Structure formats: structure tokens, C-alpha cells
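File shown here: query.txt, holding compact mmCIF, C-alpha atoms.
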# COMPACT_ATOMS: atom_id res chain seq x y z
CA MET U 1 1.85 12.37 12.68
CA THR U 2 3.49 15.00 10.48
CA VAL U 3 6.15 15.70 13.10
CA LEU U 4 6.73 11.98 13.60
CA MET U 5 6.94 11.47 9.83
CA LEU U 6 9.58 14.19 9.48
CA GLY U 7 11.51 12.82 12.47
CA LEU U 8 11.58 9.30 11.02
CA GLY U 9 12.64 10.75 7.67
CA LEU U 10 15.59 12.52 9.31
CA LEU U 11 16.52 9.34 11.18
CA GLY U 12 16.40 7.41 7.90
CA LEU U 13 18.79 9.92 6.31
CA CYS U 14 21.18 9.67 9.26
CA TYR U 15 21.14 5.88 9.62
CA GLY U 16 23.41 3.57 7.63
CA THR U 17 26.58 1.52 7.92
CA THR U 18 28.07 4.79 9.11
CA TRP U 19 25.95 7.32 10.98
CA SER U 20 25.64 10.84 9.61
CA THR U 21 24.93 13.83 11.83
CA PRO U 22 21.87 16.01 11.18
CA GLY U 23 24.27 18.77 10.18
CA GLU U 24 25.79 16.54 7.48
CA VAL U 25 22.30 15.64 6.27
CA PHE U 26 21.23 19.29 5.97
CA ALA U 27 24.50 20.20 4.28
CA SER U 28 23.98 17.45 1.71
CA LEU U 29 20.34 18.34 1.07
CA THR U 30 21.10 22.04 0.60
CA GLY U 31 24.08 21.31 -1.66
CA THR U 32 26.64 22.89 0.68
CA ASP U 33 28.54 19.61 1.11
CA ARG U 34 26.85 17.03 -1.09
CA SER U 35 27.10 13.39 -0.04
CA VAL U 36 26.30 10.65 -2.55
CA VAL U 37 25.33 8.27 0.26
CA ILE U 38 22.75 10.68 1.68
CA SER U 39 21.42 12.29 -1.52
CA ASP U 40 21.48 9.34 -3.92
CA TRP U 41 21.14 6.28 -1.66
CA ARG U 42 19.25 7.18 1.51
CA LEU U 43 17.01 10.03 0.33
CA PRO U 44 15.22 8.02 -2.42
CA ARG U 45 14.55 5.22 0.06
CA VAL U 46 13.17 7.63 2.67
CA LEU U 47 10.93 9.41 0.15
CA ALA U 48 9.75 6.07 -1.23
CA GLY U 49 8.77 4.97 2.27
CA LEU U 50 6.82 8.18 2.88
CA VAL U 51 5.04 8.37 -0.49
CA PHE U 52 4.35 4.65 -0.82
CA GLY U 53 3.13 4.47 2.77
CA ALA U 54 0.75 7.37 2.13
CA ALA U 55 -0.50 5.69 -1.06
CA LEU U 56 -1.16 2.41 0.76
CA GLY U 57 -2.90 4.25 3.59
CA VAL U 58 -5.22 6.02 1.15
CA ALA U 59 -5.89 2.77 -0.74
CA GLY U 60 -6.87 1.07 2.51
CA ALA U 61 -9.11 4.00 3.49
CA LEU U 62 -10.87 3.88 0.12
CA PHE U 63 -11.69 0.19 0.35
CA GLN U 64 -12.67 0.41 4.02
CA ASN U 65 -15.06 3.24 3.15
CA LEU U 66 -16.31 1.28 0.15
CA THR U 67 -16.97 -1.90 2.14
CA ARG U 68 -17.74 -0.14 5.45
CA ASN U 69 -15.61 -2.81 7.07
CA PRO U 70 -12.22 -2.42 8.82
CA LEU U 71 -11.07 -5.66 7.12
CA GLY U 72 -11.68 -4.22 3.66
CA SER U 73 -8.11 -3.47 2.59
CA PRO U 74 -6.30 -4.33 -0.67
CA ASP U 75 -4.02 -6.95 0.90
CA VAL U 76 -6.90 -8.79 2.61
CA ILE U 77 -9.31 -8.92 -0.33
CA GLY U 78 -6.71 -10.02 -2.88
CA LEU U 79 -5.70 -6.89 -4.79
CA ASP U 80 -2.07 -7.16 -3.66
CA ALA U 81 -2.03 -10.78 -4.80
CA GLY U 82 -3.59 -9.81 -8.14
CA ALA U 83 -1.02 -7.07 -8.71
CA TYR U 84 1.71 -9.58 -7.85
CA THR U 85 0.26 -12.02 -10.40
CA GLY U 86 0.51 -9.35 -13.09
CA ALA U 87 4.09 -8.61 -12.11
CA LEU U 88 4.92 -12.33 -12.12
CA PHE U 89 3.55 -12.57 -15.66
CA ALA U 90 5.85 -9.72 -16.69
CA LEU U 91 8.82 -11.44 -15.02
CA THR U 92 8.23 -14.97 -16.32
CA VAL U 93 6.66 -14.46 -19.76
CA LEU U 94 7.95 -11.03 -20.80
CA SER U 95 11.36 -9.46 -20.27
CA GLY U 96 10.44 -7.93 -16.90
CA THR U 97 11.24 -4.28 -17.60
CA SER U 98 10.02 -1.58 -15.22
CA VAL U 99 7.27 -0.54 -17.65
CA GLN U 100 6.09 -4.14 -18.03
CA LEU U 101 6.12 -4.64 -14.27
CA ALA U 102 4.07 -1.49 -13.70
CA THR U 103 1.59 -2.33 -16.47
CA GLY U 104 1.28 -5.95 -15.37
CA SER U 105 0.72 -4.95 -11.74
CA VAL U 106 -2.02 -2.46 -12.59
CA LEU U 107 -3.79 -4.84 -14.99
CA GLY U 108 -3.53 -7.74 -12.53
CA GLY U 109 -4.99 -5.63 -9.72
CA LEU U 110 -7.81 -4.32 -11.94
CA ILE U 111 -8.74 -7.81 -13.19
CA ILE U 112 -8.94 -9.21 -9.66
CA ALA U 113 -10.89 -6.15 -8.48
CA ALA U 114 -13.38 -6.64 -11.34
CA VAL U 115 -13.75 -10.35 -10.53
CA ILE U 116 -14.36 -9.68 -6.83
CA TYR U 117 -16.82 -6.87 -7.55
CA LEU U 118 -18.82 -8.93 -10.04
CA LEU U 119 -18.94 -11.97 -7.76
CA SER U 120 -20.04 -9.88 -4.79
CA PHE U 121 -22.73 -7.93 -6.68
CA ASP U 122 -26.05 -9.69 -6.15
CA ARG U 123 -29.13 -7.46 -6.48
CA GLY U 124 -27.14 -4.65 -4.93
CA PHE U 125 -23.76 -3.90 -3.40
CA SER U 126 -22.71 -5.50 -0.10
CA GLY U 127 -19.45 -4.58 1.59
CA LEU U 128 -19.42 -7.67 3.81
CA ARG U 129 -20.00 -9.96 0.83
CA LEU U 130 -17.15 -8.23 -1.03
CA VAL U 131 -14.76 -8.81 1.89
CA VAL U 132 -15.67 -12.49 2.25
CA ILE U 133 -15.39 -13.17 -1.49
CA GLY U 134 -12.19 -11.13 -1.61
CA ILE U 135 -10.60 -13.32 1.08
CA ALA U 136 -11.51 -16.43 -0.91
CA VAL U 137 -10.18 -14.97 -4.16
CA ASN U 138 -7.02 -13.90 -2.34
CA ALA U 139 -6.40 -17.51 -1.28
CA MET U 140 -6.88 -18.80 -4.82
CA VAL U 141 -4.69 -16.13 -6.43
CA THR U 142 -1.97 -16.73 -3.83
CA ALA U 143 -1.99 -20.42 -4.78
CA ILE U 144 -1.71 -19.48 -8.47
CA ASN U 145 1.24 -17.21 -7.67
CA SER U 146 3.01 -20.04 -5.85
CA TRP U 147 2.44 -22.33 -8.84
CA ILE U 148 3.89 -19.72 -11.24
CA VAL U 149 7.00 -19.34 -9.08
CA LEU U 150 7.47 -23.12 -8.85
CA ARG U 151 7.23 -23.45 -12.64
CA ALA U 152 9.58 -20.55 -13.40
CA ASP U 153 13.30 -20.74 -14.13
CA LEU U 154 15.48 -20.83 -11.02
CA GLU U 155 16.90 -17.33 -11.46
CA VAL U 156 13.47 -15.83 -12.10
CA ALA U 157 11.94 -17.75 -9.19
CA ILE U 158 14.61 -16.54 -6.77
CA ALA U 159 14.11 -12.94 -7.91
CA ALA U 160 10.32 -13.26 -7.69
CA VAL U 161 10.33 -14.75 -4.20
CA GLY U 162 12.74 -12.10 -2.92
CA TRP U 163 10.71 -9.34 -4.51
CA SER U 164 7.43 -10.74 -3.13
CA ALA U 165 8.55 -9.98 0.44
CA GLY U 166 8.33 -6.24 -0.28
CA SER U 167 11.47 -4.17 0.03
CA LEU U 168 12.64 -0.58 -0.39
CA ALA U 169 16.30 -1.59 -0.65
CA GLY U 170 17.99 -0.46 -3.83
CA VAL U 171 15.30 2.05 -4.77
CA GLY U 172 16.91 4.90 -6.69
CA TRP U 173 15.84 8.15 -8.28
CA GLU U 174 15.38 6.44 -11.65
CA ASP U 175 12.70 4.19 -10.09
CA LEU U 176 10.59 6.94 -8.55
CA GLY U 177 9.76 9.54 -11.19
CA ILE U 178 6.80 7.80 -12.86
CA PRO U 179 5.40 6.13 -9.68
CA PHE U 180 5.47 9.41 -7.75
CA THR U 181 3.69 11.19 -10.62
CA VAL U 182 1.02 8.48 -10.89
CA ILE U 183 0.41 8.47 -7.12
CA ALA U 184 0.23 12.29 -7.01
CA VAL U 185 -2.40 12.34 -9.79
CA LEU U 186 -4.45 9.58 -8.15
CA LEU U 187 -4.36 11.22 -4.71
CA ALA U 188 -5.29 14.62 -6.14
CA LEU U 189 -8.18 13.04 -8.04
CA MET U 190 -9.48 11.31 -4.93
CA ALA U 191 -9.02 14.42 -2.79
CA SER U 192 -11.39 16.26 -5.12
CA ARG U 193 -14.06 13.61 -4.40
CA ALA U 194 -13.35 13.18 -0.67
CA HIS U 195 -16.53 15.04 0.36
CA ALA U 196 -18.70 12.78 -1.80
CA MET U 197 -16.94 9.72 -0.36
CA HIS U 198 -17.76 10.80 3.19
CA GLN U 199 -21.36 11.49 2.18
CA ALA U 200 -21.57 7.94 0.81
CA SER U 201 -20.18 6.54 4.07
CA LEU U 202 -23.28 7.88 5.86
CA GLY U 203 -25.50 5.56 3.82
CA ASP U 204 -26.71 5.10 0.26
CA ALA U 205 -29.99 6.92 0.85
CA ILE U 206 -28.33 10.03 2.28
CA ALA U 207 -25.71 10.02 -0.47
CA VAL U 208 -28.30 9.84 -3.24
CA THR U 209 -30.44 12.62 -1.74
CA THR U 210 -27.36 14.89 -1.58
CA GLY U 211 -26.59 14.35 -5.26
CA VAL U 212 -23.79 11.74 -5.05
CA GLY U 213 -23.57 9.38 -8.01
CA LEU U 214 -22.80 6.17 -6.13
CA ASN U 215 -21.89 3.97 -9.08
CA ARG U 216 -19.44 6.48 -10.55
CA LEU U 217 -17.98 7.20 -7.12
CA ARG U 218 -17.48 3.51 -6.31
CA LEU U 219 -15.81 2.94 -9.67
CA LEU U 220 -13.46 5.87 -9.05
CA MET U 221 -12.63 4.60 -5.55
CA VAL U 222 -11.80 1.14 -6.91
CA LEU U 223 -9.65 2.55 -9.72
CA VAL U 224 -7.72 4.89 -7.41
CA GLY U 225 -7.27 2.21 -4.74
CA VAL U 226 -6.07 -0.38 -7.25
CA GLY U 227 -3.84 2.19 -8.96
CA CYS U 228 -2.11 3.17 -5.69
CA THR U 229 -1.68 -0.45 -4.61
CA ALA U 230 -0.39 -1.65 -7.99
CA THR U 231 2.01 1.27 -8.37
CA VAL U 232 3.63 0.51 -5.03
CA THR U 233 3.71 -3.22 -5.82
CA ALA U 234 5.40 -2.60 -9.17
CA VAL U 235 8.32 -0.80 -7.50
CA ALA U 236 8.67 -2.34 -4.04
CA GLY U 237 6.70 -5.59 -4.23
CA PRO U 238 3.57 -6.35 -2.18
CA ILE U 239 3.90 -4.72 1.24
CA ALA U 240 1.27 -6.22 3.52
CA PHE U 241 -0.88 -4.76 6.30
CA ILE U 242 0.01 -1.04 5.92
CA ALA U 243 -3.25 -0.51 4.02
CA LEU U 244 -5.13 -2.50 6.67
CA ALA U 245 -3.81 -0.78 9.79
CA ALA U 246 -3.17 2.82 8.74
CA PRO U 247 -6.78 3.91 8.06
CA GLN U 248 -8.12 2.63 11.37
CA ILE U 249 -5.24 4.05 13.40
CA GLY U 250 -5.63 7.39 11.61
CA ARG U 251 -9.39 7.36 12.18
CA ARG U 252 -8.94 6.81 15.91
CA LEU U 253 -6.29 9.52 16.19
CA ALA U 254 -8.48 11.99 14.31
CA GLY U 255 -11.62 11.02 16.22
CA ALA U 256 -13.53 10.84 12.93
CA ALA U 257 -16.77 8.99 12.34
CA GLY U 258 -15.73 7.67 8.92
CA VAL U 259 -12.31 6.78 7.56
CA PRO U 260 -10.76 10.09 6.43
CA LEU U 261 -8.05 10.12 3.77
CA LEU U 262 -5.48 12.54 5.22
CA PRO U 263 -5.00 10.79 8.60
CA ALA U 264 -4.78 7.46 6.74
CA ALA U 265 -2.11 8.85 4.41
CA LEU U 266 -0.01 10.32 7.22
CA THR U 267 -0.33 7.17 9.33
CA GLY U 268 0.61 4.98 6.37
CA ALA U 269 3.71 7.08 5.73
CA VAL U 270 4.75 6.79 9.39
CA LEU U 271 4.08 3.04 9.56
CA LEU U 272 6.01 2.19 6.38
CA GLN U 273 8.95 4.45 7.21
CA GLY U 274 9.08 3.08 10.77
CA ALA U 275 8.85 -0.52 9.55
CA ASP U 276 11.66 0.10 7.06
CA LEU U 277 13.92 1.52 9.78
CA ILE U 278 13.18 -1.47 12.03
CA ALA U 279 13.94 -3.79 9.10
CA GLN U 280 17.33 -2.12 8.63
CA MET U 281 18.25 -2.07 12.32
CA LEU U 282 16.88 -5.36 13.64
CA LEU U 283 19.59 -7.69 12.29
CA ALA U 284 22.13 -5.06 11.20
CA PRO U 285 24.25 -5.17 9.13
CA VAL U 286 21.82 -7.58 7.41
CA ALA U 287 18.68 -5.68 6.32
CA LEU U 288 15.33 -7.47 6.33
CA PRO U 289 12.68 -6.80 3.66
CA VAL U 290 10.25 -4.22 4.99
CA GLY U 291 7.36 -6.56 4.17
CA VAL U 292 8.55 -9.00 6.83
CA VAL U 293 8.35 -6.33 9.54
CA SER U 294 5.06 -4.86 8.31
CA THR U 295 3.51 -8.35 8.27
CA ALA U 296 4.65 -9.03 11.85
CA ILE U 297 3.27 -5.69 13.05
CA GLY U 298 0.12 -6.07 10.98
CA GLY U 299 -0.49 -9.58 12.30
CA CYS U 300 -0.56 -8.26 15.87
CA TYR U 301 -2.88 -5.46 14.77
CA LEU U 302 -5.18 -7.92 12.97
CA ILE U 303 -5.47 -10.11 16.10
CA TRP U 304 -6.38 -7.03 18.15
CA LEU U 305 -8.89 -5.86 15.51
CA LEU U 306 -10.59 -9.25 15.29
CA SER U 307 -10.82 -9.51 19.08
CA LYS U 308 -12.47 -6.06 19.19
CA GLU U 309 -14.94 -7.06 16.45
CA VAL U 310 -15.80 -10.32 18.24
CA ALA U 311 -16.29 -8.48 21.55
CA ARG U 312 -18.55 -5.94 19.83
CA ALA U 313 -20.61 -8.72 18.22
Go ahead and express the file in the form of C-alpha cells.
Amino acid sequence: MTVLMLGLGLLGLCYGTTWSTPGEVFASLTGTDRSVVISDWRLPRVLAGLVFGAALGVAGALFQNLTRNPLGSPDVIGLDAGAYTGALFALTVLSGTSVQLATGSVLGGLIIAAVIYLLSFDRGFSGLRLVVIGIAVNAMVTAINSWIVLRADLEVAIAAVGWSAGSLAGVGWEDLGIPFTVIAVLLALMASRAHAMHQASLGDAIAVTTGVGLNRLRLLMVLVGVGCTATVTAVAGPIAFIALAAPQIGRRLAGAAGVPLLPAALTGAVLLQGADLIAQMLLAPVALPVGVVSTAIGGCYLIWLLSKEVARA
């Protein structure tokens, strides 16, 4: 996955309206013959695809470990929709600055996560109940988002609908400093608790006997998962199905019993970078939003996953 990730990154730096050779890419990156197109246009987009894909992969792994269900990902249970609601509020009610978008996305995701958790908590925690309630909340929040867009001014509505597809086009260095820092802190924080997370995945009884504080751990997992999802949404819009597919693909490649974080992160980076390249190439010179491609790929994956679950049942 690491080799594939680096290869896709190099391809992303070479691809554009005019192809660049690998030699030109290395010369630009080392400063020998700097190219604005490569260093200031393509490189931020490639890095955004890798980092955001890793963040979505980890977010999906956290919620799938939390719910112990392969359908338990932020986009399925409504966290993407909640983050989008917060961003829509910043766009339609406030002035829509980058800080307001980021804050609105995080708050929207946290509010929806709290609502889903409270509704699904009935004399104990149930992952299946959380997924089912999350799907219902996702449908309601999506309807609210559509209503907000329909009531907004035309210019704002057009911008909101375009942004809702999820896109890495136009991402520059000025957009990545704070999101990259936030994601790095969240991933480092979760990496320090990865062992406890895997202990919890073996069962509540085993986790408690080994000294894992389940309530604190679950709260941390929710906060990190929502933070990663909302940070990506604030910059690139809601990008569907990466968080759903990456953890399970990574788990199968690693041959792990649970849903480990590192394979999910690497797989998410590869999936998002690959989807973005397909989006650029499919109808070139017209570039599709990456969310359109990820949704198409994720839909096929979801059909396969559901068929496997039905066959197992």
C-alpha cells in the first residue's frame, strides 16, 4: 500500500493538461528547477488526497471498531451529513470563512454524533442499534440539508451544491496548514490508544479485566473520528464511502482479526488519491468531483459487502 500510495502520488504530480516527466517533478521538488504548476498546484492536491484519505480511513476504522459492524462508518451513520449541516450554516447564515466552515463542520458532526449516541444508548451500548439509528438520522439530516440549500440565495445554493459533491480541485497551501495540523494531532492521539482500542474490540469483559476504561475510550474514539471527518469536510466537502471501504480492505490485506488503524489509513490514502486521479482523467479536460467517483466505487463495494453479510447470515 505504501508503494502504491507513492506511485499514485508521483502520477498525480506528473498528470495535468500537460504531462510532466518524473525528472521534472523531482527537479521541482528539490528546487533545482522549480515549477509553479507542480509545486503550487499539483503538490497540495496530491498531499491533500493522501492525508485526507488517511484521516477518513482512520475515522472509518474507529467507528467500525466502536460499533463492531462493517457498516459503521461516518458517512453511513450521518456524521458526514451533520458536518455538512454545520458548514451549510456557516455558508448561509454567517460569512462562510474558512474558520467558520471548519468550526461549523466540527460542531455539526459532534452534535449529530451526540444525538445518535444518546438515542442508541438503552441500558448499555449496542453497536448494531447505533448503526440503525445512525442510518435513520442520516436520512433526516440529509433532508434538512436539502431544505437549507433550497431556501438559500442562488449563489450560495450553487456553491453549496457544488461543494457537497466533495472535491480536491483548487486546494492550495493556504488551505492545508491548519487541517494537516489538526489531523496529525488527532491521529497521534489515537495511535497512543490503539492498543486499548484493540483490547476493547475483543469484548467488553476482556477490556475491563485488562484495565481499559471503556467509557473514556469510546468518547475519545468518537471525538477523534468526528474530528477527522469534519476537518476533511470543511476543506474538501463530504467525500463518501472512503471511510466505509478503506478499513475493511485494509483489514483483509493485513489479515487482522480487528480493524487496525495503520492499514485503514494507508488504504484510505490510496483510495482517495486513486479516485481523484480517475476523476481528473475520466472526462478530461473536464474534471469530475472526487466524491462522484468515490460514491460510484463505494456503491459497488457496499453491494458486495451487503451480499457477503446476507450470505453469512
**Report entry** Pick from U:Gly16, U:Gly53, U:Gly96, U:Gly172 nearest to Leu272 of chain U, counting all atoms listed in the file
**Finding:** U:Gly53
**Report entry** Atomic distance atom CA of Ile206 of chain U - atom CA of Thr67 of chain U, expressed in Å with one decimal
**Finding:**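 So the two atoms, atom CA of Ile206 of chain U and atom CA of Thr67 of chain U, lie 16.5 Å apart.
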Spatial neighbours of Gly72 of chain U, 7 Å, only C-alpha atoms, chain gap at least 4 places, as a tab-separated table (two decimals) with C-alpha atoms, keeping the file's coordinate frame:
chain	number	residue	atom	x	y	z
U	63	PHE	CA	-11.69	0.19	0.35
U	64	GLN	CA	-12.67	0.41	4.02
U	67	THR	CA	-16.97	-1.90	2.14
U	76	VAL	CA	-6.90	-8.79	2.61
U	77	ILE	CA	-9.31	-8.92	-0.33
U	131	VAL	CA	-14.76	-8.81	1.89
Query - Neighbour residues at most 10 Å from (9.3, -11.8, -4.8) (all atoms listed in the file) as a list in words - result: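 Checked against the point, the hits come out as Tyr84, Ala87, Leu88, Val149, Val156, Ala157, Ile158, Ala159, Ala160, Val161, Gly162, Trp163, Ser164, Ala165, Gly166, Ser167, Ala236, Gly237 and Pro238 of chain U.
In this comparison, which uses all atoms listed in the file, the residue of U:Ala139, U:Leu271, U:Ile297, U:Ala90 approaching Ala55 of chain U most closely is U:Leu271.
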Report task. Identify which of the residues U:Leu11, U:Ala234, U:Asp175, U:Ala196 lies closest to Thr85 of chain U, counting all atoms listed in the file when measuring atom-to-atom distances. Result -> U:Ala234
Query - Which of U:Ile178, U:Met197, U:Ala143, U:Leu168 sits closest to Val292 of chain U [using all atoms listed in the file] - result: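 The answer is U:Leu168, which sits nearest to Val292 of chain U.
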**Report entry** d(atom CA of Leu62 of chain U, atom CA of Leu261 of chain U) in Å
**Finding:** 7.8 Å
Model the absent atoms of segment 186-197 of chain U so that all heavy atoms are present, and write the result as a compact mmCIF listing (two decimals), in the frame of the given file.
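Everything below was put into part_32.txt:
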# COMPACT_ATOMS: atom_id res chain seq x y z
N LEU U 186 -3.37 10.36 -8.75
CA LEU U 186 -4.45 9.58 -8.15
C LEU U 186 -4.92 10.19 -6.83
O LEU U 186 -6.14 10.29 -6.58
CB LEU U 186 -3.99 8.14 -7.92
CG LEU U 186 -3.74 7.29 -9.17
CD1 LEU U 186 -3.15 5.93 -8.78
CD2 LEU U 186 -5.02 7.10 -9.96
N LEU U 187 -3.97 10.63 -5.99
CA LEU U 187 -4.36 11.22 -4.71
C LEU U 187 -5.08 12.55 -4.91
O LEU U 187 -6.04 12.86 -4.19
CB LEU U 187 -3.12 11.41 -3.83
CG LEU U 187 -2.40 10.13 -3.38
CD1 LEU U 187 -1.28 10.47 -2.39
CD2 LEU U 187 -3.36 9.14 -2.76
N ALA U 188 -4.61 13.36 -5.87
CA ALA U 188 -5.29 14.62 -6.14
C ALA U 188 -6.71 14.38 -6.65
O ALA U 188 -7.65 15.09 -6.27
CB ALA U 188 -4.48 15.43 -7.15
N LEU U 189 -6.86 13.38 -7.51
CA LEU U 189 -8.18 13.04 -8.04
C LEU U 189 -9.12 12.61 -6.93
O LEU U 189 -10.29 13.04 -6.89
CB LEU U 189 -8.03 11.93 -9.08
CG LEU U 189 -9.31 11.44 -9.77
CD1 LEU U 189 -9.95 12.57 -10.56
CD2 LEU U 189 -9.00 10.26 -10.68
N MET U 190 -8.62 11.79 -6.01
CA MET U 190 -9.48 11.31 -4.93
C MET U 190 -9.76 12.41 -3.92
O MET U 190 -10.85 12.46 -3.33
CB MET U 190 -8.82 10.12 -4.24
CG MET U 190 -9.79 9.27 -3.43
SD MET U 190 -11.10 8.55 -4.47
CE MET U 190 -12.57 9.24 -3.69
N ALA U 191 -8.80 13.32 -3.71
CA ALA U 191 -9.02 14.42 -2.79
C ALA U 191 -10.16 15.31 -3.26
O ALA U 191 -10.93 15.85 -2.45
CB ALA U 191 -7.74 15.24 -2.63
N SER U 192 -10.31 15.44 -4.58
CA SER U 192 -11.39 16.26 -5.12
C SER U 192 -12.76 15.62 -4.90
O SER U 192 -13.79 16.30 -4.99
CB SER U 192 -11.17 16.51 -6.62
OG SER U 192 -11.30 15.30 -7.35
N ARG U 193 -12.79 14.33 -4.61
CA ARG U 193 -14.06 13.61 -4.40
C ARG U 193 -14.19 13.13 -2.95
O ARG U 193 -15.04 12.28 -2.65
CB ARG U 193 -14.13 12.41 -5.35
CG ARG U 193 -14.09 12.77 -6.82
CD ARG U 193 -15.35 13.48 -7.24
NE ARG U 193 -16.49 12.57 -7.18
CZ ARG U 193 -17.76 12.98 -7.10
NH1 ARG U 193 -18.02 14.26 -7.06
NH2 ARG U 193 -18.75 12.09 -7.07
N ALA U 194 -13.34 13.64 -2.06
CA ALA U 194 -13.35 13.18 -0.67
C ALA U 194 -14.68 13.49 0.01
O ALA U 194 -15.20 12.69 0.79
CB ALA U 194 -12.20 13.80 0.11
N HIS U 195 -15.25 14.68 -0.27
CA HIS U 195 -16.53 15.04 0.36
C HIS U 195 -17.63 14.06 -0.04
O HIS U 195 -18.42 13.62 0.80
CB HIS U 195 -16.91 16.47 -0.02
CG HIS U 195 -18.22 16.91 0.57
ND1 HIS U 195 -18.38 17.17 1.91
CD2 HIS U 195 -19.44 17.13 -0.01
CE1 HIS U 195 -19.64 17.53 2.15
NE2 HIS U 195 -20.30 17.51 1.01
N ALA U 196 -17.69 13.73 -1.33
CA ALA U 196 -18.70 12.78 -1.80
C ALA U 196 -18.50 11.41 -1.17
O ALA U 196 -19.47 10.72 -0.84
CB ALA U 196 -18.65 12.67 -3.33
N MET U 197 -17.22 11.00 -0.98
CA MET U 197 -16.94 9.72 -0.36
C MET U 197 -17.46 9.67 1.07
O MET U 197 -18.06 8.68 1.50
CB MET U 197 -15.43 9.45 -0.38
CG MET U 197 -15.04 8.09 0.18
SD MET U 197 -13.26 7.96 0.50
CE MET U 197 -13.12 9.00 1.97
